[in-house]
file protein_35.cif (mmCIF, C-alpha atoms)
data_input
loop_
_atom_site.label_atom_id
_atom_site.label_comp_id
_atom_site.auth_asym_id
_atom_site.auth_seq_id
_atom_site.Cartn_x
_atom_site.Cartn_y
_atom_site.Cartn_z
CA MET D 267 -61.49 6.03 -5.47
CA SER D 268 -64.42 5.72 -3.07
CA ASP D 269 -67.77 7.32 -4.03
CA THR D 270 -68.00 9.07 -0.66
CA VAL D 271 -65.50 10.95 1.46
CA LYS D 272 -65.48 11.98 5.09
CA LEU D 273 -65.30 15.77 5.28
CA ARG D 274 -64.10 17.23 8.59
CA ILE D 275 -64.74 20.95 9.02
CA ARG D 276 -63.32 22.94 11.91
CA ARG D 277 -66.15 24.89 13.54
CA SER D 278 -65.31 28.06 15.42
CA ALA D 279 -68.25 27.80 17.83
CA THR D 280 -67.07 24.51 19.33
CA ASP D 281 -63.39 24.77 18.33
CA ASP D 282 -63.73 21.18 17.16
CA PHE D 283 -64.37 19.30 13.92
CA ASP D 284 -67.78 18.37 12.55
CA GLU D 285 -67.83 15.36 10.24
CA PHE D 286 -69.94 14.92 7.12
CA THR D 287 -70.18 12.10 4.60
CA ILE D 288 -70.19 13.57 1.11
CA PRO D 289 -70.89 11.78 -2.22
CA VAL D 290 -68.17 12.61 -4.74
CA GLN D 291 -67.10 12.11 -8.34
CA LYS D 292 -63.47 12.22 -9.38
CA TRP D 293 -63.85 15.81 -10.55
CA THR D 294 -65.55 17.03 -7.36
CA THR D 295 -63.69 19.91 -5.71
CA ILE D 296 -63.27 20.48 -1.99
CA LEU D 297 -65.41 23.62 -2.30
CA GLU D 298 -68.22 21.54 -3.80
CA CYS D 299 -67.94 19.13 -0.87
CA ILE D 300 -68.19 22.00 1.62
CA LEU D 301 -71.14 23.52 -0.25
CA TYR D 302 -72.87 20.12 -0.33
CA ALA D 303 -72.50 19.91 3.45
CA LYS D 304 -73.74 23.50 3.79
CA TYR D 305 -76.79 23.12 1.52
CA LYS D 306 -77.85 19.58 2.40
CA ILE D 307 -76.71 18.96 5.97
CA ASP D 308 -75.75 22.03 8.00
CA HIS D 309 -76.69 25.53 6.78
CA SER D 310 -74.62 27.21 9.52
CA ILE D 311 -71.24 26.37 7.97
CA ALA D 312 -69.47 29.65 7.16
CA VAL D 313 -67.32 29.66 4.05
CA ARG D 314 -66.25 32.45 1.70
CA TYR D 315 -66.19 31.75 -2.04
CA SER D 316 -67.08 33.41 -5.31
CA CYS D 317 -65.68 32.53 -8.73
CA ARG D 318 -65.09 28.75 -8.31
CA GLN D 319 -62.23 28.93 -10.82
CA ALA D 320 -59.17 30.09 -8.83
CA THR D 321 -59.52 33.68 -9.97
CA CYS D 322 -61.04 35.57 -7.05
CA GLY D 323 -58.88 34.15 -4.23
CA SER D 324 -61.80 33.93 -1.78
CA CYS D 325 -61.84 30.26 -0.79
CA GLY D 326 -58.36 29.88 0.71
CA MET D 327 -58.23 27.42 3.60
CA LYS D 328 -56.07 24.66 5.03
CA ILE D 329 -56.92 21.38 3.32
CA ASN D 330 -55.34 18.43 5.12
CA GLY D 331 -52.95 20.92 6.72
CA LYS D 332 -51.80 22.63 3.52
CA PRO D 333 -53.01 26.13 2.57
CA SER D 334 -54.93 25.68 -0.70
CA LEU D 335 -57.83 27.07 -2.68
CA ALA D 336 -60.89 24.88 -2.07
CA CYS D 337 -62.18 25.46 -5.60
CA PHE D 338 -58.85 24.52 -7.14
CA THR D 339 -58.28 21.29 -5.18
CA LYS D 340 -60.04 18.14 -6.34
CA VAL D 341 -61.01 15.29 -4.05
CA SER D 342 -59.05 12.96 -6.37
CA GLU D 343 -55.84 14.86 -5.48
CA ILE D 344 -56.22 14.01 -1.80
CA ASP D 345 -54.64 10.88 -0.32
CA GLY D 346 -57.23 8.80 1.55
CA ASP D 347 -60.96 9.26 2.03
CA THR D 348 -60.81 11.83 4.82
CA ILE D 349 -60.59 15.52 4.03
CA THR D 350 -59.91 17.95 6.87
CA VAL D 351 -60.55 21.64 6.22
CA GLU D 352 -59.59 24.44 8.60
CA PRO D 353 -59.39 28.22 8.34
CA MET D 354 -56.08 29.64 7.10
CA ALA D 355 -53.36 30.03 9.73
CA ASN D 356 -52.00 33.53 10.51
CA PHE D 357 -55.42 35.13 9.89
CA PRO D 358 -58.03 35.97 12.55
CA VAL D 359 -61.09 33.74 12.15
CA ILE D 360 -64.47 35.40 11.56
CA ARG D 361 -66.39 32.13 11.66
CA ASP D 362 -65.60 28.55 10.69
CA LEU D 363 -63.63 28.80 7.41
CA ALA D 364 -63.99 32.56 6.86
CA VAL D 365 -61.04 34.69 7.96
CA LYS D 366 -60.31 38.42 8.15
CA PHE D 367 -58.07 39.87 5.46
CA ASP D 368 -57.50 43.28 7.10
CA ARG D 369 -53.78 42.78 7.73
CA LEU D 370 -53.13 41.43 4.23
CA PHE D 371 -54.98 44.33 2.58
CA LYS D 372 -53.25 46.91 4.81
CA ASN D 373 -49.79 45.53 4.04
CA HIS D 374 -50.73 45.39 0.35
CA ARG D 375 -51.88 49.03 0.39
CA ASP D 376 -48.75 50.13 2.28
CA ILE D 377 -46.37 49.10 -0.50
CA ILE D 378 -48.15 51.38 -3.03
CA PRO D 379 -49.55 48.64 -5.30
CA TYR D 380 -50.06 50.74 -8.39
CA MET D 381 -47.90 52.33 -11.05
CA ASN D 382 -46.95 55.96 -10.68
CA ASN D 383 -46.06 57.57 -13.97
CA ASP D 384 -47.46 60.23 -16.22
CA PRO D 385 -48.36 59.20 -19.77
CA PRO D 386 -45.60 60.06 -22.24
CA ASP D 387 -46.29 63.10 -24.43
CA SER D 388 -45.88 61.36 -27.76
CA SER D 389 -48.45 58.63 -27.21
CA ARG D 390 -50.86 57.26 -24.62
CA MET D 391 -48.76 54.17 -23.94
CA HIS D 392 -45.61 53.40 -21.97
CA LEU D 393 -43.46 51.21 -24.16
CA GLN D 394 -41.88 48.16 -22.60
CA SER D 395 -39.71 45.44 -24.13
CA PRO D 396 -40.60 41.73 -23.66
CA GLU D 397 -37.46 41.38 -21.49
CA GLU D 398 -38.61 44.20 -19.22
CA LEU D 399 -42.04 42.58 -18.97
CA ASP D 400 -40.52 39.18 -18.14
CA ARG D 401 -38.88 40.63 -15.03
CA PHE D 402 -42.19 41.01 -13.21
CA ILE D 403 -45.08 39.51 -15.18
CA GLN D 404 -45.49 36.34 -13.06
CA PHE D 405 -45.95 38.54 -9.99
CA ALA D 406 -48.88 40.28 -11.66
CA ASN D 407 -50.76 36.96 -11.41
CA CYS D 408 -51.25 37.37 -7.64
CA ILE D 409 -54.96 37.05 -6.73
CA LYS D 410 -54.51 38.14 -3.07
CA CYS D 411 -55.84 34.83 -1.75
CA GLY D 412 -53.49 35.00 1.26
CA LEU D 413 -52.24 31.39 1.01
CA CYS D 414 -48.61 32.57 0.98
CA ASN D 415 -49.13 34.60 4.16
CA SER D 416 -50.86 31.61 5.75
CA ALA D 417 -47.91 29.33 4.95
CA CYS D 418 -45.23 31.82 6.03
CA PRO D 419 -43.50 30.86 9.33
CA THR D 420 -42.46 34.47 10.00
CA MET D 421 -46.07 35.65 9.73
CA ALA D 422 -46.90 33.21 12.54
CA THR D 423 -44.60 34.89 15.04
CA ASP D 424 -44.11 38.46 13.80
CA THR D 425 -47.43 40.30 13.81
CA SER D 426 -45.83 43.34 12.13
CA PHE D 427 -44.15 41.44 9.27
CA THR D 428 -45.07 42.78 5.82
CA GLY D 429 -45.58 39.24 4.51
CA PRO D 430 -44.73 37.46 1.25
CA GLN D 431 -47.83 38.69 -0.58
CA ALA D 432 -47.07 42.39 -0.10
CA LEU D 433 -43.33 41.91 -0.63
CA ALA D 434 -43.91 40.04 -3.88
CA GLN D 435 -46.18 42.86 -5.02
CA ALA D 436 -43.54 45.39 -4.00
CA TYR D 437 -41.14 43.54 -6.29
CA ARG D 438 -43.73 43.53 -9.07
CA TYR D 439 -43.80 47.34 -9.12
CA VAL D 440 -40.11 47.90 -8.28
CA ALA D 441 -39.11 45.74 -11.27
CA ASP D 442 -41.58 47.48 -13.60
CA SER D 443 -39.53 49.75 -15.87
CA ARG D 444 -42.50 52.14 -16.26
CA ASP D 445 -42.81 52.96 -12.57
CA LYS D 446 -41.22 55.95 -10.85
CA ASP D 447 -41.83 55.08 -7.18
CA LYS D 448 -39.08 52.47 -6.83
CA ASP D 449 -37.08 54.31 -4.16
CA LYS D 450 -40.20 55.16 -2.17
CA ARG D 451 -41.30 51.53 -2.18
CA LEU D 452 -37.84 50.24 -1.24
CA ARG D 453 -37.79 52.67 1.67
CA ILE D 454 -41.18 51.39 2.90
CA ILE D 455 -40.10 47.76 3.01
CA ASP D 456 -36.67 48.62 4.47
CA ASP D 457 -38.09 48.29 7.98
CA SER D 458 -37.27 46.19 11.02
CA HIS D 459 -40.37 44.10 10.15
CA GLY D 460 -39.97 44.38 6.40
CA ILE D 461 -38.09 42.43 3.77
CA TRP D 462 -35.16 41.44 5.99
CA ARG D 463 -37.32 39.29 8.25
CA CYS D 464 -37.89 36.71 5.50
CA HIS D 465 -35.97 33.51 6.33
CA PHE D 466 -36.42 32.08 2.84
CA ALA D 467 -38.38 29.03 4.03
CA GLY D 468 -39.97 29.07 0.57
CA SER D 469 -43.35 27.78 1.77
CA CYS D 470 -45.07 30.81 0.21
CA SER D 471 -43.96 29.69 -3.24
CA GLN D 472 -44.95 26.08 -2.54
CA VAL D 473 -48.59 26.94 -1.87
CA CYS D 474 -49.28 29.67 -4.46
CA PRO D 475 -52.12 28.44 -6.72
CA LYS D 476 -51.16 30.85 -9.52
CA GLY D 477 -47.52 29.83 -9.85
CA VAL D 478 -46.17 33.06 -8.40
CA ASP D 479 -42.83 32.67 -6.62
CA PRO D 480 -42.90 35.21 -3.77
CA ALA D 481 -39.73 33.77 -2.21
CA MET D 482 -37.81 34.53 -5.41
CA GLY D 483 -39.38 38.00 -5.61
CA ILE D 484 -38.20 38.73 -2.08
CA GLN D 485 -34.65 37.62 -2.89
CA LEU D 486 -34.63 39.73 -6.06
CA LEU D 487 -35.94 42.66 -4.04
CA ARG D 488 -33.07 42.16 -1.59
CA GLY D 489 -30.76 42.49 -4.58
CA TYR D 490 -32.20 45.98 -5.13
CA MET D 491 -31.73 46.82 -1.45
CA LEU D 492 -28.09 45.67 -1.52
CA GLY D 493 -27.41 47.54 -4.76
CA LEU D 494 -26.94 44.35 -6.82
CA ASN D 495 -29.82 45.22 -9.18
CA ASP D 496 -30.53 48.54 -10.87
CA MET R 124 -28.66 67.47 15.23
CA VAL R 125 -29.38 63.75 15.39
CA GLN R 126 -28.50 62.31 18.76
CA PRO R 127 -26.33 59.17 18.88
CA TYR R 128 -29.00 56.97 20.49
CA CYS R 129 -31.37 57.84 17.64
CA LEU R 130 -28.75 56.67 15.17
CA VAL R 131 -28.77 53.24 16.79
CA TYR R 132 -32.53 52.88 16.76
CA GLU R 133 -33.35 54.71 13.54
CA MET R 134 -30.61 53.17 11.39
CA ARG R 135 -32.02 51.80 8.15
CA GLU R 136 -32.54 48.05 8.35
CA SER R 137 -30.69 47.55 5.05
CA HIS R 138 -27.58 49.22 6.50
CA ILE R 139 -27.77 47.03 9.59
CA MET R 140 -28.16 43.90 7.45
CA LYS R 141 -25.26 44.90 5.20
CA ILE R 142 -23.14 45.12 8.35
CA HIS R 143 -24.60 41.78 9.46
CA TYR R 144 -23.64 40.02 6.22
CA GLY R 145 -20.27 41.80 6.03
CA THR R 146 -19.27 40.81 9.56
CA ALA R 147 -20.31 37.20 8.85
CA LEU R 148 -18.15 37.00 5.72
CA ALA R 149 -15.18 38.69 7.38
CA ALA R 150 -15.50 36.47 10.46
CA VAL R 151 -15.53 33.30 8.33
CA GLY R 152 -12.29 34.43 6.65
CA LEU R 153 -10.53 35.46 9.85
CA VAL R 154 -11.67 32.44 11.87
CA ALA R 155 -10.31 30.27 9.05
CA VAL R 156 -6.93 32.03 9.42
CA HIS R 157 -7.17 31.54 13.20
CA ILE R 158 -7.87 27.79 12.83
CA LEU R 159 -5.09 27.38 10.25
CA MET R 160 -2.63 29.00 12.64
CA ARG R 161 -3.73 26.61 15.40
CA MET R 162 -3.21 23.67 13.07
CA ALA R 163 0.22 24.94 12.05
CA ASP R 164 1.26 24.92 15.72
CA GLY R 165 -0.05 21.44 16.41
CA TYR R 166 -3.53 21.38 17.83
CA HIS R 167 -2.82 19.98 21.33
CA GLU R 168 0.24 22.15 21.92
CA SER R 169 -1.65 25.24 20.84
CA LEU R 170 -4.05 24.84 23.77
CA GLU R 171 -1.30 24.76 26.41
CA PHE R 172 -1.40 27.72 28.79
CA ALA R 173 2.05 29.01 27.87
CA ASN R 174 1.27 28.79 24.16
CA VAL R 175 -2.03 30.60 24.54
CA LEU R 176 -0.32 33.41 26.46
CA ALA R 177 2.42 33.57 23.84
CA ASN R 178 -0.22 33.99 21.14
CA TYR R 179 -1.78 36.91 22.98
CA GLN R 180 1.63 38.52 23.35
CA PHE R 181 2.24 38.35 19.61
CA ILE R 182 0.64 41.64 18.62
CA PRO R 183 -0.57 40.75 15.07
CA TYR R 184 -2.27 37.62 16.43
CA ALA R 185 -3.77 39.52 19.37
CA GLY R 186 -5.06 42.03 16.80
CA LEU R 187 -6.61 39.21 14.80
CA LEU R 188 -8.39 37.91 17.91
CA GLU R 189 -9.60 41.40 18.74
CA ILE R 190 -11.04 41.85 15.24
CA ILE R 191 -12.74 38.43 15.42
CA LEU R 192 -14.20 39.40 18.80
CA ILE R 193 -15.62 42.64 17.39
CA LEU R 194 -16.99 41.00 14.22
CA LEU R 195 -18.68 38.13 16.05
CA SER R 196 -20.08 40.43 18.75
CA ILE R 197 -21.68 42.70 16.15
CA HIS R 198 -23.00 39.77 14.12
CA GLY R 199 -24.17 37.75 17.10
CA PHE R 200 -25.96 40.55 18.91
CA ASN R 201 -27.69 41.70 15.74
CA GLY R 202 -28.80 38.11 15.19
CA LEU R 203 -30.16 38.07 18.74
CA ARG R 204 -31.94 41.38 18.09
CA VAL R 205 -33.60 39.93 14.99
CA ILE R 206 -34.75 36.83 16.87
CA LEU R 207 -36.16 38.93 19.72
CA LEU R 208 -37.95 41.29 17.31
CA GLU R 209 -39.71 38.31 15.78
CA LEU R 210 -40.70 36.88 19.15
CA HIS R 211 -42.66 39.89 20.30
CA GLN R 212 -43.66 43.28 18.87
CA GLY R 213 -44.28 46.73 20.31
CA ARG R 214 -42.45 50.05 20.11
CA SER R 215 -41.11 50.12 23.67
CA TYR R 216 -40.16 46.43 23.54
CA GLU R 217 -38.34 46.92 20.24
CA LYS R 218 -36.46 49.93 21.59
CA ALA R 219 -35.46 47.96 24.69
CA VAL R 220 -34.26 45.07 22.51
CA SER R 221 -32.24 47.37 20.22
CA TYR R 222 -30.59 49.28 23.07
CA GLY R 223 -30.12 46.08 25.10
CA CYS R 224 -28.35 44.36 22.23
CA VAL R 225 -26.08 47.37 21.60
CA ALA R 226 -25.27 47.50 25.32
CA GLY R 227 -24.60 43.75 25.42
CA MET R 228 -22.38 44.01 22.35
CA VAL R 229 -20.36 46.89 23.83
CA ALA R 230 -20.04 45.08 27.17
CA LEU R 231 -18.83 41.86 25.52
CA ILE R 232 -16.32 43.70 23.33
CA ALA R 233 -15.07 45.65 26.36
CA TYR R 234 -14.71 42.51 28.49
CA GLY R 235 -13.04 40.51 25.71
CA SER R 236 -10.73 43.39 24.83
CA ARG R 237 -9.75 43.69 28.48
CA THR R 238 -8.71 40.03 28.47
CA ILE R 239 -6.74 40.42 25.23
CA VAL R 240 -4.99 43.60 26.44
CA MET R 241 -4.17 42.13 29.86
CA ALA R 242 -2.77 38.95 28.32
CA ASN R 243 -0.83 40.98 25.78
CA MET R 244 0.73 43.12 28.50
CA GLY R 245 1.70 40.10 30.59
CA MET R 246 -0.77 40.88 33.37
CA ILE R 247 -2.13 37.29 33.45
#

call {"tool": "encode", "arguments": {"input": "protein_35.cif", "output": "structure tokens"}}
result
Amino acid sequence: MSDTVKLRIRRSATDDFDEFTIPVQKWTTILECILYAKYKIDHSIAVRYSCRQATCGSCGMKINGKPSLACFTKVSEIDGDTITVEPMANFPVIRDLAVKFDRLFKNHRDIIPYMNNDPPDSSRMHLQSPEELDRFIQFANCIKCGLCNSACPTMATDTSFTGPQALAQAYRYVADSRDKDKDKRLRIIDDSHGIWRCHFAGSCSQVCPKGVDPAMGIQLLRGYMLGLND
Amino acid sequence: MVQPYCLVYEMRESHIMKIHYGTALAAVGLVAVHILMRMADGYHESLEFANVLANYQFIPYAGLLEIILILLSIHGFNGLRVILLELHQGRSYEKAVSYGCVAGMVALIAYGSRTIVMANMGMI
């Protein structure tokens, strides 16, 4: 592996790429490369980041064409010495690599992303078996980074589509045995731009950095809609 | 009272998609029967004008063709509606697409049924 890489960053002002030569180690992440360019070469580069450990979901971007978290992608994982970073597709660009999340957050809010149930009288906890937990627990790992929405081909053409992130979260609550809003949630996504517009390309599941499988969640949710699941 | 045109536009998407999947499955089964009957006749002979007319005049077979026509029209025009809804969004556009597809479906079924009925009655 070379001790420098060429970092190409798409700049919104010129709608073109700026190139930077960045010194790297094998453990250097793409976010560290971008921050090196920002601190040492060009302070005007706009990038959103926070936790640097794939927990906050802030640094989503296209890295060599694939939606990825910049903090979770190492230079050593990239083929070749050129790294091209662009803002996520299917999101309006604020500046450079920073995009607006309004649509993602609205769609997420619309599916009622919280549990609706009163505490049982006998105790302060809702009991749940391990099997009941297994039905949805992977979907609780979603960090709302938006990579799935960025990779989704339907999101690219249908501006009203609910999107894999919100649909996977709808499944997370529909499959939760403690929740009482299942029918309400199913009615919300049963729309002409809701769950039925998914073509099962599966790209959402390919890019998720947390191992969530939104494509599977959507298919399981369809099972509920068709009366195949309880 | 809910007016009929509202029923078309306001129908739940899950109901529409159940019809979509159902018509696809039924069409696959019936088209298979249709192809098997063609093969039983001998493929080249089955396409001769007199044979085609004779098929239309055999009422159970004409009924099979009519059902296939209805199933494929429903399935095809709903598929077209879905494609058009993904191409462009907007309430008036979506209404126009939904009504347009229903109108196209009805027109195709009417035209195809006319052909089947006329051939069945010996008017061709």

call {"tool": "residues_around", "arguments": {"input": "protein_35.cif", "residues": "Ala230 in chain R", "least_positions_apart": "4", "cutoff": "12 Å", "atoms": "all atoms listed in the file", "output": "PyMOL selection string"}}
result
chain R and resi 192-193+196-197+200+223-226+234-237

call {"tool": "closest_residue", "arguments": {"input": "protein_35.cif", "among": "R:Ser169, R:Thr238, R:Gln212, R:Asn178", "to": "chain D", "atoms": "all atoms listed in the file"}}
result
R:Gln212

call {"tool": "resolve_selection", "arguments": {"input": "protein_35.cif", "expression": "the PyMOL selection byres ((chain D) within 9 of (chain R))", "output": "list of chain:residue names"}}
result
D:Thr420, D:Thr423, D:Asp424, D:Thr425, D:Ser426, D:Phe427, D:Arg453, D:Asp456, D:Asp457, D:Ser458, D:His459, D:Gly460, D:Trp462, D:Arg463, D:Arg488, D:Met491, D:Leu492

call {"tool": "atom_distance", "arguments": {"input": "protein_35.cif", "atom1": "CA of Lys328 in chain D", "atom2": "CA of Ala417 in chain D"}}
result
9.4 Å

call {"tool": "resolve_selection", "arguments": {"input": "protein_35.cif", "expression": "the PyMOL selection byres ((chain D and resi 359-365) around 12)", "output": "PyMOL selection string"}}
result
chain D and resi 274-284+297+300-301+304+310-315+324-329+333+335-336+350-358+366-370+411-413+416

call {"tool": "residues_around", "arguments": {"input": "protein_35.cif", "residues": "Asp449 in chain D", "least_positions_apart": "2", "cutoff": "12 Å", "atoms": "only C-alpha atoms", "output": "PyMOL selection string"}}
result
chain D and resi 377-378+382+436-437+439-441+445-447+451-456+487+490-491+493+496

call {"tool": "write_last_selection", "arguments": {"input": "protein_35.cif", "atoms": "C-alpha atoms", "output": "PDB file, in the frame of the given file"}}
result
ATOM      1  CA  ILE D 377     -46.370  49.100  -0.500  1.00  0.00           C
ATOM      2  CA  ILE D 378     -48.150  51.380  -3.030  1.00  0.00           C
ATOM      3  CA  ASN D 382     -46.950  55.960 -10.680  1.00  0.00           C
ATOM      4  CA  ALA D 436     -43.540  45.390  -4.000  1.00  0.00           C
ATOM      5  CA  TYR D 437     -41.140  43.540  -6.290  1.00  0.00           C
ATOM      6  CA  TYR D 439     -43.800  47.340  -9.120  1.00  0.00           C
ATOM      7  CA  VAL D 440     -40.110  47.900  -8.280  1.00  0.00           C
ATOM      8  CA  ALA D 441     -39.110  45.740 -11.270  1.00  0.00           C
ATOM      9  CA  ASP D 445     -42.810  52.960 -12.570  1.00  0.00           C
ATOM     10  CA  LYS D 446     -41.220  55.950 -10.850  1.00  0.00           C
ATOM     11  CA  ASP D 447     -41.830  55.080  -7.180  1.00  0.00           C
ATOM     12  CA  ARG D 451     -41.300  51.530  -2.180  1.00  0.00           C
ATOM     13  CA  LEU D 452     -37.840  50.240  -1.240  1.00  0.00           C
ATOM     14  CA  ARG D 453     -37.790  52.670   1.670  1.00  0.00           C
ATOM     15  CA  ILE D 454     -41.180  51.390   2.900  1.00  0.00           C
ATOM     16  CA  ILE D 455     -40.100  47.760   3.010  1.00  0.00           C
ATOM     17  CA  ASP D 456     -36.670  48.620   4.470  1.00  0.00           C
ATOM     18  CA  LEU D 487     -35.940  42.660  -4.040  1.00  0.00           C
ATOM     19  CA  TYR D 490     -32.200  45.980  -5.130  1.00  0.00           C
ATOM     20  CA  MET D 491     -31.730  46.820  -1.450  1.00  0.00           C
ATOM     21  CA  GLY D 493     -27.410  47.540  -4.760  1.00  0.00           C
ATOM     22  CA  ASP D 496     -30.530  48.540 -10.870  1.00  0.00           C
TER      23      ASP D 496
END

call {"tool": "atom_distance", "arguments": {"input": "protein_35.cif", "atom1": "CA of Tyr305 in chain D", "atom2": "CA of Lys340 in chain D"}}
result
19.2 Å

call {"tool": "closest_residue", "arguments": {"input": "protein_35.cif", "among": "D:Leu273, D:Val341, D:Ala434, D:Ile307", "to": "Lys292 in chain D", "atoms": "all atoms listed in the file"}}
result
D:Val341

call {"tool": "atom_distance", "arguments": {"input": "protein_35.cif", "atom1": "CA of Asn383 in chain D", "atom2": "CA of Cys414 in chain D"}}
result
29.2 Å

call {"tool": "resolve_selection", "arguments": {"input": "protein_35.cif", "expression": "the PyMOL selection byres ((chain D and resi 317-320) around 6)", "output": "list of chain:residue names"}}
result
D:Ser316, D:Thr321, D:Cys322, D:Cys337, D:Phe338

call {"tool": "axis_aligned_box", "arguments": {"input": "protein_35.cif", "around": "range 363-380 of chain D", "padding_each_side": "6 Å", "output": "AutoDock Vina command-line options"}}
result
--center_x -55.2 --center_y 40.1 --center_z -0.1 --size_x 29.6 --size_y 34.6 --size_z 28.5

call {"tool": "closest_residue", "arguments": {"input": "protein_35.cif", "among": "R:Gly152, R:Arg214, R:Ile142, R:Leu159", "to": "Ile191 in chain R", "atoms": "only C-alpha atoms"}}
result
R:Gly152

call {"tool": "closest_residue", "arguments": {"input": "protein_35.cif", "among": "R:Gly202, R:Gly165, R:Gly186, R:Gly227", "to": "Tyr144 in chain R", "atoms": "all atoms listed in the file"}}
result
R:Gly202

call {"tool": "residues_around", "arguments": {"input": "protein_35.cif", "residues": "Ala173 in chain R", "least_positions_apart": "5", "cutoff": "12 Å", "atoms": "all atoms listed in the file", "output": "short mmCIF file (atom, residue, chain, number, x, y, z; two decimals) with C-alpha atoms, in the frame of the given file"}}
result
data_model
loop_
_atom_site.label_atom_id
_atom_site.label_comp_id
_atom_site.auth_asym_id
_atom_site.auth_seq_id
_atom_site.Cartn_x
_atom_site.Cartn_y
_atom_site.Cartn_z
CA GLU R 168 0.24 22.15 21.92
CA ASN R 178 -0.22 33.99 21.14
CA TYR R 179 -1.78 36.91 22.98
CA GLN R 180 1.63 38.52 23.35
CA ALA R 242 -2.77 38.95 28.32
CA GLY R 245 1.70 40.10 30.59
CA ILE R 247 -2.13 37.29 33.45
#

call {"tool": "residues_around", "arguments": {"input": "protein_35.cif", "residues": "Ile182 in chain R", "least_positions_apart": "5", "cutoff": "12 Å", "atoms": "only C-alpha atoms", "output": "list of chain:residue names"}}
result
R:Leu176, R:Ala177, R:Leu187, R:Leu188, R:Glu189, R:Ile239, R:Val240, R:Ala242, R:Asn243, R:Met244

call {"tool": "build_atoms", "arguments": {"input": "protein_35.cif", "residues": "range 449-460 of chain D", "atoms": "N, CA, C and O atoms", "output": "short mmCIF file (atom, residue, chain, number, x, y, z; two decimals), in the coordinates of the input"}}
result
data_model
loop_
_atom_site.label_atom_id
_atom_site.label_comp_id
_atom_site.auth_asym_id
_atom_site.auth_seq_id
_atom_site.Cartn_x
_atom_site.Cartn_y
_atom_site.Cartn_z
N ASP D 449 -37.80 53.96 -5.39
CA ASP D 449 -37.08 54.31 -4.16
C ASP D 449 -38.03 54.44 -2.97
O ASP D 449 -37.70 54.03 -1.86
N LYS D 450 -39.20 55.00 -3.24
CA LYS D 450 -40.20 55.16 -2.17
C LYS D 450 -40.62 53.79 -1.63
O LYS D 450 -40.72 53.58 -0.42
N ARG D 451 -40.86 52.86 -2.56
CA ARG D 451 -41.30 51.53 -2.18
C ARG D 451 -40.20 50.77 -1.43
O ARG D 451 -40.46 50.10 -0.44
N LEU D 452 -38.95 50.92 -1.91
CA LEU D 452 -37.84 50.24 -1.24
C LEU D 452 -37.66 50.77 0.17
O LEU D 452 -37.35 50.02 1.11
N ARG D 453 -37.91 52.08 0.34
CA ARG D 453 -37.79 52.67 1.67
C ARG D 453 -38.87 52.12 2.61
O ARG D 453 -38.62 51.88 3.79
N ILE D 454 -40.06 51.90 2.08
CA ILE D 454 -41.18 51.39 2.90
C ILE D 454 -40.88 49.99 3.42
O ILE D 454 -41.12 49.68 4.59
N ILE D 455 -40.33 49.15 2.56
CA ILE D 455 -40.10 47.76 3.01
C ILE D 455 -38.77 47.58 3.75
O ILE D 455 -38.51 46.51 4.30
N ASP D 456 -37.96 48.67 3.77
CA ASP D 456 -36.67 48.62 4.47
C ASP D 456 -36.90 48.93 5.95
O ASP D 456 -36.43 49.94 6.47
N ASP D 457 -37.63 48.05 6.61
CA ASP D 457 -38.09 48.29 7.98
C ASP D 457 -37.66 47.10 8.83
O ASP D 457 -37.32 46.05 8.31
N SER D 458 -37.68 47.30 10.15
CA SER D 458 -37.27 46.19 11.02
C SER D 458 -38.24 45.00 10.93
O SER D 458 -37.91 43.89 11.37
N HIS D 459 -39.44 45.22 10.38
CA HIS D 459 -40.37 44.10 10.15
C HIS D 459 -40.68 43.95 8.66
O HIS D 459 -41.72 43.44 8.28
N GLY D 460 -39.77 44.43 7.84
CA GLY D 460 -39.97 44.38 6.40
C GLY D 460 -39.26 43.21 5.75
O GLY D 460 -39.22 42.10 6.31
#
